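What follows is the content of entry_2.pdb (PDB, C-alpha atoms and all ligand atoms).
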ATOM      1  CA  MET A  26     -72.724  20.718 162.634
ATOM      2  CA  ILE A  27     -74.384  17.708 161.107
ATOM      3  CA  LEU A  28     -71.863  15.303 159.628
ATOM      4  CA  ILE A  29     -73.831  13.731 156.792
ATOM      5  CA  ASP A  30     -73.217  10.001 157.019
ATOM      6  CA  GLY A  31     -73.374   8.814 153.416
ATOM      7  CA  LYS A  32     -72.432   5.278 154.410
ATOM      8  CA  LYS A  33     -75.389   5.048 156.767
ATOM      9  CA  GLU A  34     -77.829   6.661 154.313
ATOM     10  CA  ALA A  35     -76.641   4.345 151.532
ATOM     11  CA  ALA A  36     -77.100   1.309 153.797
ATOM     12  CA  LEU A  37     -80.657   2.455 154.595
ATOM     13  CA  LEU A  38     -81.411   2.915 150.898
ATOM     14  CA  ARG A  39     -79.931  -0.503 150.038
ATOM     15  CA  ALA A  40     -82.078  -2.140 152.735
ATOM     16  CA  LYS A  41     -85.187  -0.545 151.191
ATOM     17  CA  LEU A  42     -84.110  -1.669 147.713
ATOM     18  CA  LYS A  43     -83.464  -5.208 148.931
ATOM     19  CA  GLU A  44     -87.022  -5.347 150.239
ATOM     20  CA  GLU A  45     -88.297  -4.026 146.918
ATOM     21  CA  VAL A  46     -86.383  -6.681 144.964
ATOM     22  CA  ILE A  47     -88.003  -9.403 147.113
ATOM     23  CA  ASN A  48     -91.439  -7.954 146.317
ATOM     24  CA  LEU A  49     -90.653  -7.676 142.594
ATOM     25  CA  LYS A  50     -89.473 -11.266 142.530
ATOM     26  CA  ALA A  51     -92.732 -12.392 144.145
ATOM     27  CA  LYS A  52     -94.736 -10.381 141.613
ATOM     28  CA  TYR A  53     -92.836 -11.087 138.365
ATOM     29  CA  ASN A  54     -90.874 -14.224 139.219
ATOM     30  CA  LYS A  55     -87.656 -12.505 138.127
ATOM     31  CA  VAL A  56     -85.220  -9.926 139.479
ATOM     32  CA  PRO A  57     -83.732  -6.800 137.861
ATOM     33  CA  GLY A  58     -80.393  -7.358 136.129
ATOM     34  CA  LEU A  59     -77.463  -4.942 135.839
ATOM     35  CA  THR A  60     -74.736  -5.392 133.229
ATOM     36  CA  VAL A  61     -71.548  -3.338 133.522
ATOM     37  CA  ILE A  62     -69.038  -3.082 130.687
ATOM     38  CA  LEU A  63     -65.472  -2.377 131.796
ATOM     39  CA  ILE A  64     -62.859  -1.581 129.158
ATOM     40  CA  GLY A  65     -59.171  -1.548 130.040
ATOM     41  CA  ASN A  66     -57.472  -1.906 133.401
ATOM     42  CA  LEU A  67     -57.550   1.502 135.103
ATOM     43  CA  THR A  68     -57.357   0.790 138.827
ATOM     44  CA  PRO A  69     -60.038   3.274 139.989
ATOM     45  CA  SER A  70     -62.482   1.946 137.373
ATOM     46  CA  GLN A  71     -61.777  -1.636 138.450
ATOM     47  CA  ILE A  72     -62.455  -0.720 142.092
ATOM     48  CA  TYR A  73     -65.690   1.132 141.225
ATOM     49  CA  VAL A  74     -66.937  -1.767 139.120
ATOM     50  CA  ARG A  75     -66.116  -4.327 141.802
ATOM     51  CA  ASN A  76     -68.031  -2.243 144.365
ATOM     52  CA  LYS A  77     -70.979  -1.878 142.006
ATOM     53  CA  GLU A  78     -71.105  -5.632 141.450
ATOM     54  CA  LYS A  79     -70.826  -6.387 145.175
ATOM     55  CA  SER A  80     -73.617  -3.950 146.075
ATOM     56  CA  ALA A  81     -75.864  -5.235 143.283
ATOM     57  CA  ASN A  82     -75.514  -8.794 144.568
ATOM     58  CA  GLU A  83     -76.123  -7.646 148.125
ATOM     59  CA  VAL A  84     -79.581  -6.245 147.297
ATOM     60  CA  GLY A  85     -80.490  -9.320 145.256
ATOM     61  CA  LEU A  86     -80.027  -7.992 141.724
ATOM     62  CA  LYS A  87     -78.602 -10.161 138.986
ATOM     63  CA  SER A  88     -75.279  -8.643 138.067
ATOM     64  CA  GLU A  89     -72.828  -9.254 135.284
ATOM     65  CA  VAL A  90     -69.525  -7.572 134.389
ATOM     66  CA  ILE A  91     -68.217  -7.791 130.829
ATOM     67  CA  LYS A  92     -64.506  -6.989 130.591
ATOM     68  CA  TYR A  93     -62.621  -5.989 127.451
ATOM     69  CA  PRO A  94     -58.925  -5.172 126.962
ATOM     70  CA  ASP A  95     -58.192  -1.482 126.296
ATOM     71  CA  ASN A  96     -57.393  -2.119 122.615
ATOM     72  CA  ILE A  97     -60.827  -3.620 121.943
ATOM     73  CA  ASP A  98     -62.452  -2.696 118.638
ATOM     74  CA  GLU A  99     -65.205  -0.096 119.089
ATOM     75  CA  ASN A 100     -67.607  -2.134 116.951
ATOM     76  CA  ILE A 101     -67.390  -5.130 119.256
ATOM     77  CA  VAL A 102     -68.464  -2.931 122.161
ATOM     78  CA  LEU A 103     -71.315  -1.353 120.160
ATOM     79  CA  GLU A 104     -72.552  -4.777 118.988
ATOM     80  CA  LYS A 105     -72.462  -6.076 122.583
ATOM     81  CA  ILE A 106     -74.531  -3.084 123.742
ATOM     82  CA  LYS A 107     -77.092  -3.741 120.975
ATOM     83  CA  GLU A 108     -77.310  -7.371 122.079
ATOM     84  CA  LEU A 109     -77.832  -6.295 125.714
ATOM     85  CA  ASN A 110     -80.523  -3.840 124.576
ATOM     86  CA  THR A 111     -82.624  -6.754 123.287
ATOM     87  CA  ASN A 112     -81.882  -9.113 126.192
ATOM     88  CA  THR A 113     -84.946  -9.062 128.478
ATOM     89  CA  ALA A 114     -82.903 -10.372 131.436
ATOM     90  CA  VAL A 115     -80.890  -7.125 131.364
ATOM     91  CA  SER A 116     -82.694  -4.171 132.973
ATOM     92  CA  GLY A 117     -79.774  -1.765 133.150
ATOM     93  CA  ILE A 118     -76.559  -1.232 131.166
ATOM     94  CA  LEU A 119     -73.595   0.811 132.396
ATOM     95  CA  VAL A 120     -70.383   1.386 130.464
ATOM     96  CA  GLN A 121     -67.723   2.474 132.951
ATOM     97  CA  LEU A 122     -66.024   5.770 132.062
ATOM     98  CA  PRO A 123     -63.448   6.932 131.147
ATOM     99  CA  LEU A 124     -63.055   5.009 127.886
ATOM    100  CA  PRO A 125     -59.844   4.490 125.896
ATOM    101  CA  LYS A 126     -59.247   7.364 123.430
ATOM    102  CA  HIS A 127     -60.055   5.349 120.285
ATOM    103  CA  ILE A 128     -63.583   4.642 121.487
ATOM    104  CA  ASP A 129     -66.202   7.326 120.823
ATOM    105  CA  LYS A 130     -67.887   7.985 124.171
ATOM    106  CA  GLN A 131     -70.882   9.717 122.611
ATOM    107  CA  LYS A 132     -71.487   6.822 120.213
ATOM    108  CA  VAL A 133     -71.321   4.359 123.102
ATOM    109  CA  ILE A 134     -73.761   6.348 125.238
ATOM    110  CA  GLU A 135     -76.185   6.839 122.345
ATOM    111  CA  THR A 136     -76.166   3.123 121.525
ATOM    112  CA  ILE A 137     -77.523   2.196 124.963
ATOM    113  CA  ASP A 138     -81.327   1.860 124.973
ATOM    114  CA  PRO A 139     -82.480   4.982 126.911
ATOM    115  CA  LEU A 140     -84.828   2.735 128.899
ATOM    116  CA  LYS A 141     -81.793   0.713 130.104
ATOM    117  CA  ASP A 142     -79.521   3.718 130.608
ATOM    118  CA  VAL A 143     -78.958   3.479 134.390
ATOM    119  CA  ASP A 144     -76.411   6.333 134.235
ATOM    120  CA  GLY A 145     -78.911   8.769 132.741
ATOM    121  CA  PHE A 146     -76.276   9.875 130.202
ATOM    122  CA  HIS A 147     -78.271   9.227 126.998
ATOM    123  CA  PRO A 148     -79.392  12.509 125.372
ATOM    124  CA  MET A 149     -82.999  11.348 125.648
ATOM    125  CA  ASN A 150     -82.676  11.044 129.427
ATOM    126  CA  VAL A 151     -80.750  14.316 129.652
ATOM    127  CA  GLY A 152     -83.528  16.034 127.683
ATOM    128  CA  ASN A 153     -86.303  14.411 129.697
ATOM    129  CA  LEU A 154     -84.674  15.448 132.961
ATOM    130  CA  SER A 155     -84.304  19.060 131.841
ATOM    131  CA  SER A 156     -87.924  19.080 130.614
ATOM    132  CA  GLY A 157     -89.133  17.674 133.934
ATOM    133  CA  TYR A 158     -90.296  14.390 132.364
ATOM    134  CA  GLN A 159     -89.637  10.886 133.650
ATOM    135  CA  SER A 160     -86.003   9.912 133.097
ATOM    136  CA  SER A 161     -83.031   8.073 134.541
ATOM    137  CA  VAL A 162     -81.085  10.541 136.683
ATOM    138  CA  PRO A 163     -77.252  10.322 136.906
ATOM    139  CA  CYS A 164     -76.341   8.453 140.090
ATOM    140  CA  THR A 165     -73.982  10.938 141.781
ATOM    141  CA  PRO A 166     -76.251  14.009 141.616
ATOM    142  CA  LEU A 167     -79.215  11.807 142.566
ATOM    143  CA  GLY A 168     -77.269  10.672 145.648
ATOM    144  CA  CYS A 169     -76.405  14.293 146.520
ATOM    145  CA  TYR A 170     -80.036  15.284 146.068
ATOM    146  CA  LEU A 171     -81.261  12.563 148.443
ATOM    147  CA  LEU A 172     -78.705  13.621 151.083
ATOM    148  CA  ILE A 173     -79.761  17.275 150.786
ATOM    149  CA  LYS A 174     -83.460  16.368 151.039
ATOM    150  CA  LYS A 175     -82.782  14.356 154.170
ATOM    151  CA  ILE A 176     -81.347  17.463 155.873
ATOM    152  CA  GLU A 177     -83.836  19.925 154.395
ATOM    153  CA  PRO A 178     -87.054  18.433 152.976
ATOM    154  CA  ASP A 179     -88.403  21.813 151.798
ATOM    155  CA  LEU A 180     -85.920  23.389 149.401
ATOM    156  CA  SER A 181     -88.321  25.879 147.847
ATOM    157  CA  GLY A 182     -86.728  29.307 147.411
ATOM    158  CA  LYS A 183     -83.325  28.212 148.686
ATOM    159  CA  LYS A 184     -80.243  29.496 146.914
ATOM    160  CA  ALA A 185     -78.012  26.725 145.610
ATOM    161  CA  VAL A 186     -74.534  27.214 144.181
ATOM    162  CA  ILE A 187     -73.145  24.385 142.086
ATOM    163  CA  ILE A 188     -69.396  24.408 141.502
ATOM    164  CA  GLY A 189     -68.621  22.534 138.280
ATOM    165  CA  ARG A 190     -70.653  22.231 135.083
ATOM    166  CA  SER A 191     -70.030  18.637 134.026
ATOM    167  CA  ASN A 192     -72.609  16.424 132.344
ATOM    168  CA  LEU A 193     -71.999  13.856 135.095
ATOM    169  CA  ASN A 194     -72.667  16.121 138.061
ATOM    170  CA  GLY A 195     -73.097  19.880 137.767
ATOM    171  CA  LYS A 196     -75.721  20.044 135.025
ATOM    172  CA  PRO A 197     -78.020  17.247 136.275
ATOM    173  CA  MET A 198     -77.627  18.539 139.863
ATOM    174  CA  THR A 199     -78.924  21.872 138.628
ATOM    175  CA  GLN A 200     -82.001  20.257 137.102
ATOM    176  CA  LEU A 201     -82.813  18.341 140.286
ATOM    177  CA  LEU A 202     -82.587  21.468 142.445
ATOM    178  CA  LEU A 203     -84.534  23.596 139.958
ATOM    179  CA  LYS A 204     -87.349  21.060 140.164
ATOM    180  CA  GLU A 205     -87.350  21.692 143.933
ATOM    181  CA  ASN A 206     -87.809  25.428 143.274
ATOM    182  CA  CYS A 207     -84.276  26.371 144.291
ATOM    183  CA  THR A 208     -82.611  29.393 142.737
ATOM    184  CA  VAL A 209     -79.578  27.767 141.170
ATOM    185  CA  THR A 210     -76.277  29.364 140.186
ATOM    186  CA  ILE A 211     -73.859  27.218 138.182
ATOM    187  CA  THR A 212     -70.258  28.258 138.679
ATOM    188  CA  HIS A 213     -67.064  26.988 137.057
ATOM    189  CA  SER A 214     -63.393  27.712 136.446
ATOM    190  CA  LYS A 215     -64.142  31.034 134.709
ATOM    191  CA  THR A 216     -66.503  32.331 137.393
ATOM    192  CA  ARG A 217     -65.175  35.693 138.615
ATOM    193  CA  ASN A 218     -65.810  35.744 142.339
ATOM    194  CA  LEU A 219     -66.537  32.247 143.483
ATOM    195  CA  LYS A 220     -66.203  33.108 147.168
ATOM    196  CA  ALA A 221     -68.876  35.822 146.893
ATOM    197  CA  GLU A 222     -71.205  33.407 145.051
ATOM    198  CA  CYS A 223     -70.700  30.728 147.715
ATOM    199  CA  LEU A 224     -71.343  33.193 150.535
ATOM    200  CA  GLU A 225     -74.881  33.668 149.139
ATOM    201  CA  ALA A 226     -75.641  29.960 149.138
ATOM    202  CA  ASP A 227     -77.955  27.957 151.375
ATOM    203  CA  ILE A 228     -76.708  24.869 149.544
ATOM    204  CA  ILE A 229     -73.279  24.344 147.990
ATOM    205  CA  VAL A 230     -72.494  21.343 145.804
ATOM    206  CA  ALA A 231     -68.772  21.190 144.989
ATOM    207  CA  ALA A 232     -68.036  18.944 142.007
ATOM    208  CA  VAL A 233     -65.048  20.507 140.313
ATOM    209  CA  GLY A 234     -62.029  18.330 141.172
ATOM    210  CA  ILE A 235     -59.919  20.994 142.900
ATOM    211  CA  PRO A 236     -58.576  19.855 146.299
ATOM    212  CA  GLU A 237     -60.037  21.833 149.240
ATOM    213  CA  LEU A 238     -61.188  24.714 147.031
ATOM    214  CA  VAL A 239     -64.105  25.757 149.243
ATOM    215  CA  LYS A 240     -62.716  27.465 152.352
ATOM    216  CA  GLY A 241     -64.251  28.056 155.770
ATOM    217  CA  ASP A 242     -64.924  31.757 155.116
ATOM    218  CA  TRP A 243     -66.698  30.958 151.810
ATOM    219  CA  VAL A 244     -69.592  29.355 153.608
ATOM    220  CA  LYS A 245     -72.339  31.066 155.533
ATOM    221  CA  LYS A 246     -73.695  29.664 158.785
ATOM    222  CA  ASP A 247     -76.529  27.210 158.148
ATOM    223  CA  ALA A 248     -75.356  26.239 154.666
ATOM    224  CA  ILE A 249     -75.617  22.612 153.561
ATOM    225  CA  VAL A 250     -72.347  21.653 151.857
ATOM    226  CA  ILE A 251     -72.060  18.582 149.633
ATOM    227  CA  ASP A 252     -68.562  17.553 148.580
ATOM    228  CA  VAL A 253     -68.428  15.444 145.405
ATOM    229  CA  GLY A 254     -64.634  15.750 145.006
ATOM    230  CA  ILE A 255     -62.254  12.823 145.231
ATOM    231  CA  ASN A 256     -58.735  14.225 144.838
ATOM    232  CA  LYS A 257     -55.483  12.364 145.348
ATOM    233  CA  THR A 258     -52.979  14.581 147.201
ATOM    234  CA  ASP A 259     -49.799  14.166 149.240
ATOM    235  CA  LYS A 260     -51.910  13.994 152.374
ATOM    236  CA  GLY A 261     -54.220  11.346 150.920
ATOM    237  CA  ILE A 262     -57.682  11.582 149.378
ATOM    238  CA  VAL A 263     -59.386  14.934 149.950
ATOM    239  CA  GLY A 264     -62.567  16.506 148.623
ATOM    240  CA  ASP A 265     -63.242  19.858 146.949
ATOM    241  CA  VAL A 266     -64.078  21.322 150.374
ATOM    242  CA  ALA A 267     -61.592  22.211 153.152
ATOM    243  CA  PHE A 268     -63.326  19.916 155.598
ATOM    244  CA  ASP A 269     -61.896  21.121 158.943
ATOM    245  CA  GLU A 270     -62.508  24.819 158.206
ATOM    246  CA  VAL A 271     -65.932  24.415 156.634
ATOM    247  CA  SER A 272     -67.173  22.093 159.364
ATOM    248  CA  LYS A 273     -66.840  25.037 161.788
ATOM    249  CA  ASN A 274     -69.340  27.116 159.774
ATOM    250  CA  ALA A 275     -71.723  24.897 157.854
ATOM    251  CA  LYS A 276     -74.976  23.458 159.156
ATOM    252  CA  ALA A 277     -74.282  20.136 157.442
ATOM    253  CA  LEU A 278     -71.347  18.706 155.506
ATOM    254  CA  THR A 279     -70.483  15.442 153.745
ATOM    255  CA  PRO A 280     -67.093  13.879 154.513
ATOM    256  CA  VAL A 281     -64.725  12.475 151.870
ATOM    257  CA  PRO A 282     -64.683   9.506 151.855
ATOM    258  CA  GLY A 283     -67.960   8.273 153.329
ATOM    259  CA  GLY A 284     -70.263  11.002 152.000
ATOM    260  CA  VAL A 285     -71.459  11.087 148.411
ATOM    261  CA  GLY A 286     -69.519   7.994 147.212
ATOM    262  CA  PRO A 287     -71.609   5.277 148.872
ATOM    263  CA  MET A 288     -74.827   7.032 147.777
ATOM    264  CA  THR A 289     -73.723   6.981 144.125
ATOM    265  CA  ILE A 290     -73.618   3.187 144.091
ATOM    266  CA  ALA A 291     -76.886   2.819 146.006
ATOM    267  CA  CYS A 292     -78.525   5.134 143.441
ATOM    268  CA  LEU A 293     -77.218   2.969 140.603
ATOM    269  CA  LEU A 294     -79.083   0.040 142.152
ATOM    270  CA  LYS A 295     -82.163   2.233 142.561
ATOM    271  CA  ASN A 296     -81.979   3.230 138.884
ATOM    272  CA  THR A 297     -81.634  -0.413 137.822
ATOM    273  CA  ILE A 298     -84.791  -1.292 139.762
ATOM    274  CA  GLU A 299     -86.628   1.707 138.243
ATOM    275  CA  CYS A 300     -85.645   0.577 134.729
ATOM    276  CA  PHE A 301     -86.890  -2.950 135.518
ATOM    277  CA  LYS A 302     -90.234  -1.646 136.806
ATOM    278  CA  ARG A 303     -90.773   0.543 133.741
ATOM    279  CA  SER A 304     -89.992  -2.397 131.442
ATOM    280  CA  GLN A 305     -92.690  -4.527 133.088
ATOM    281  CA  ILE A 306     -95.547  -2.129 132.282
TER     282      ILE A 306
HETATM  283  N1  LIG B 401     -66.921   6.855 136.008
HETATM  284  C1  LIG B 401     -66.932   7.665 137.104
HETATM  285  N2  LIG B 401     -68.206   7.888 137.503
HETATM  286  C2  LIG B 401     -69.004   7.228 136.655
HETATM  287  C3  LIG B 401     -70.424   7.067 136.556
HETATM  288  O1  LIG B 401     -71.210   7.614 137.337
HETATM  289  N3  LIG B 401     -70.852   6.277 135.523
HETATM  290  C4  LIG B 401     -70.015   5.688 134.643
HETATM  291  N4  LIG B 401     -70.548   4.959 133.662
HETATM  292  N5  LIG B 401     -68.696   5.825 134.702
HETATM  293  C5  LIG B 401     -68.200   6.580 135.702
END
Could you rewrite the structure in this file as structure tokens?
Amino acid sequence: MILIDGKKEAALLRAKLKEEVINLKAKYNKVPGLTVILIGNLTPSQIYVRNKEKSANEVGLKSEVIKYPDNIDENIVLEKIKELNTNTAVSGILVQLPLPKHIDKQKVIETIDPLKDVDGFHPMNVGNLSSGYQSSVPCTPLGCYLLIKKIEPDLSGKKAVIIGRSNLNGKPMTQLLLKENCTVTITHSKTRNLKAECLEADIIVAAVGIPELVKGDWVKKDAIVIDVGINKTDKGIVGDVAFDEVSKNAKALTPVPGGVGPMTIACLLKNTIECFKRSQI
């Protein structure tokens, strides 16, 4: 079984990006800039944002975090985003989710200039991705995609089963694998026989938030299994895949932690650099 080392792959990607930033600086005399807006004081969000900032600095990007208290007026956030949209030093804008209830997530996402939308959440990017046009691609599915491609460069005709239909993961993951000529099945909480679906799959991407849902006998030999889950349980953080059982069957499997997580952040940096390059044309 191949244990997919997301930490190592992310470090390789960051090294490549660092090189690219040096070249961009030589060419344009400036570096890409990432601005993250963090509202409230949820601990996981604070940790994610700190890691994003640290990684951005490490590859030589300019990075800024704007923090607001969780009772901030929605208009102040929207006005700040509009200001960042027109600021040429800012290549990418990310508003950390989840947002406090009184703030309209859709309004926030739609206010971000699609060309600076490093999350790929703006409807214009969602539409472009599903039409096969150039777009920002959400960081987590992009990271999963790169890990899958590393194991299996030719995905044409493979059967992929996605567990979870979220805008963040399941839906964009589907688009990426469709583009690779996979036959993609999207499953979710109302799917009737999930085990039978999984047993057909050459590739399984579990992004549903149910601890250790995917069991050893759900997975055929030679399947590539990508675990996007991060679930807090009594025995610590576990993924959506029963790691010990599945590792006995699968061809390749990502661990939790140390699989998809590090790739998500590296892909955010990649997206920021892509946005910068497009803005220079
Ligand atoms: N919260 C959890 N994951 C993400 C992500 O990929 N982007 C943003 N903006 N917020 C998140």
Could you spell out the hits of the PyMOL selection byres (((chain A and resi 100) around 12) and not hetatm) on the shown file, as number ranges by chain? A: 96-99, 101-107, 127-129, 132-133, 136
Starting from the displayed file, determine the output of the PyMOL selection byres (((not hetatm)) within 7 of (chain B and resi 401)) and express the residue list as a ChimeraX atom specification. /A:70,119-123,144,163-165,193
First collect every listed atom of segment 77-92 of chain A; then fit an axis-aligned box around them, widen it by 3 Å on each side, and give centre and edge lengths in Å to one decimal, as lines of an AutoDock Vina configuration file.
center_x = -72.5
center_y = -6.0
center_z = 139.4
size_x = 22.0
size_y = 14.3
size_z = 23.5
From A:Ala291, A:Val233, A:Leu224, A:Ser304, residue lying nearest Lys79 of chain A [all atoms listed in the file]: A:Ala291
Applied to this file, what does the PyMOL selection byres (((chain A and resi 207) around 6) and not hetatm) return in terms of residues, put as an MDAnalysis selection string? chainID A and resid 181:184 202:203 205:206 208:209
Please tell me which residues are no farther than 10 Å from (-82.8, 12.9, 146.7) in the file, counting all atoms listed in the file, and write them as a list in words. Pro166, Leu167, Gly168, Cys169, Tyr170, Leu171, Leu172, Ile173, Lys174, Lys175, Pro178, Leu201, Leu202, Met288 and Cys292 of chain A
So, counting only C-alpha atoms, which residue among A:Pro236, A:Asp242, A:Ser88, A:Ile306 is closest to Asp259 of chain A? A:Pro236
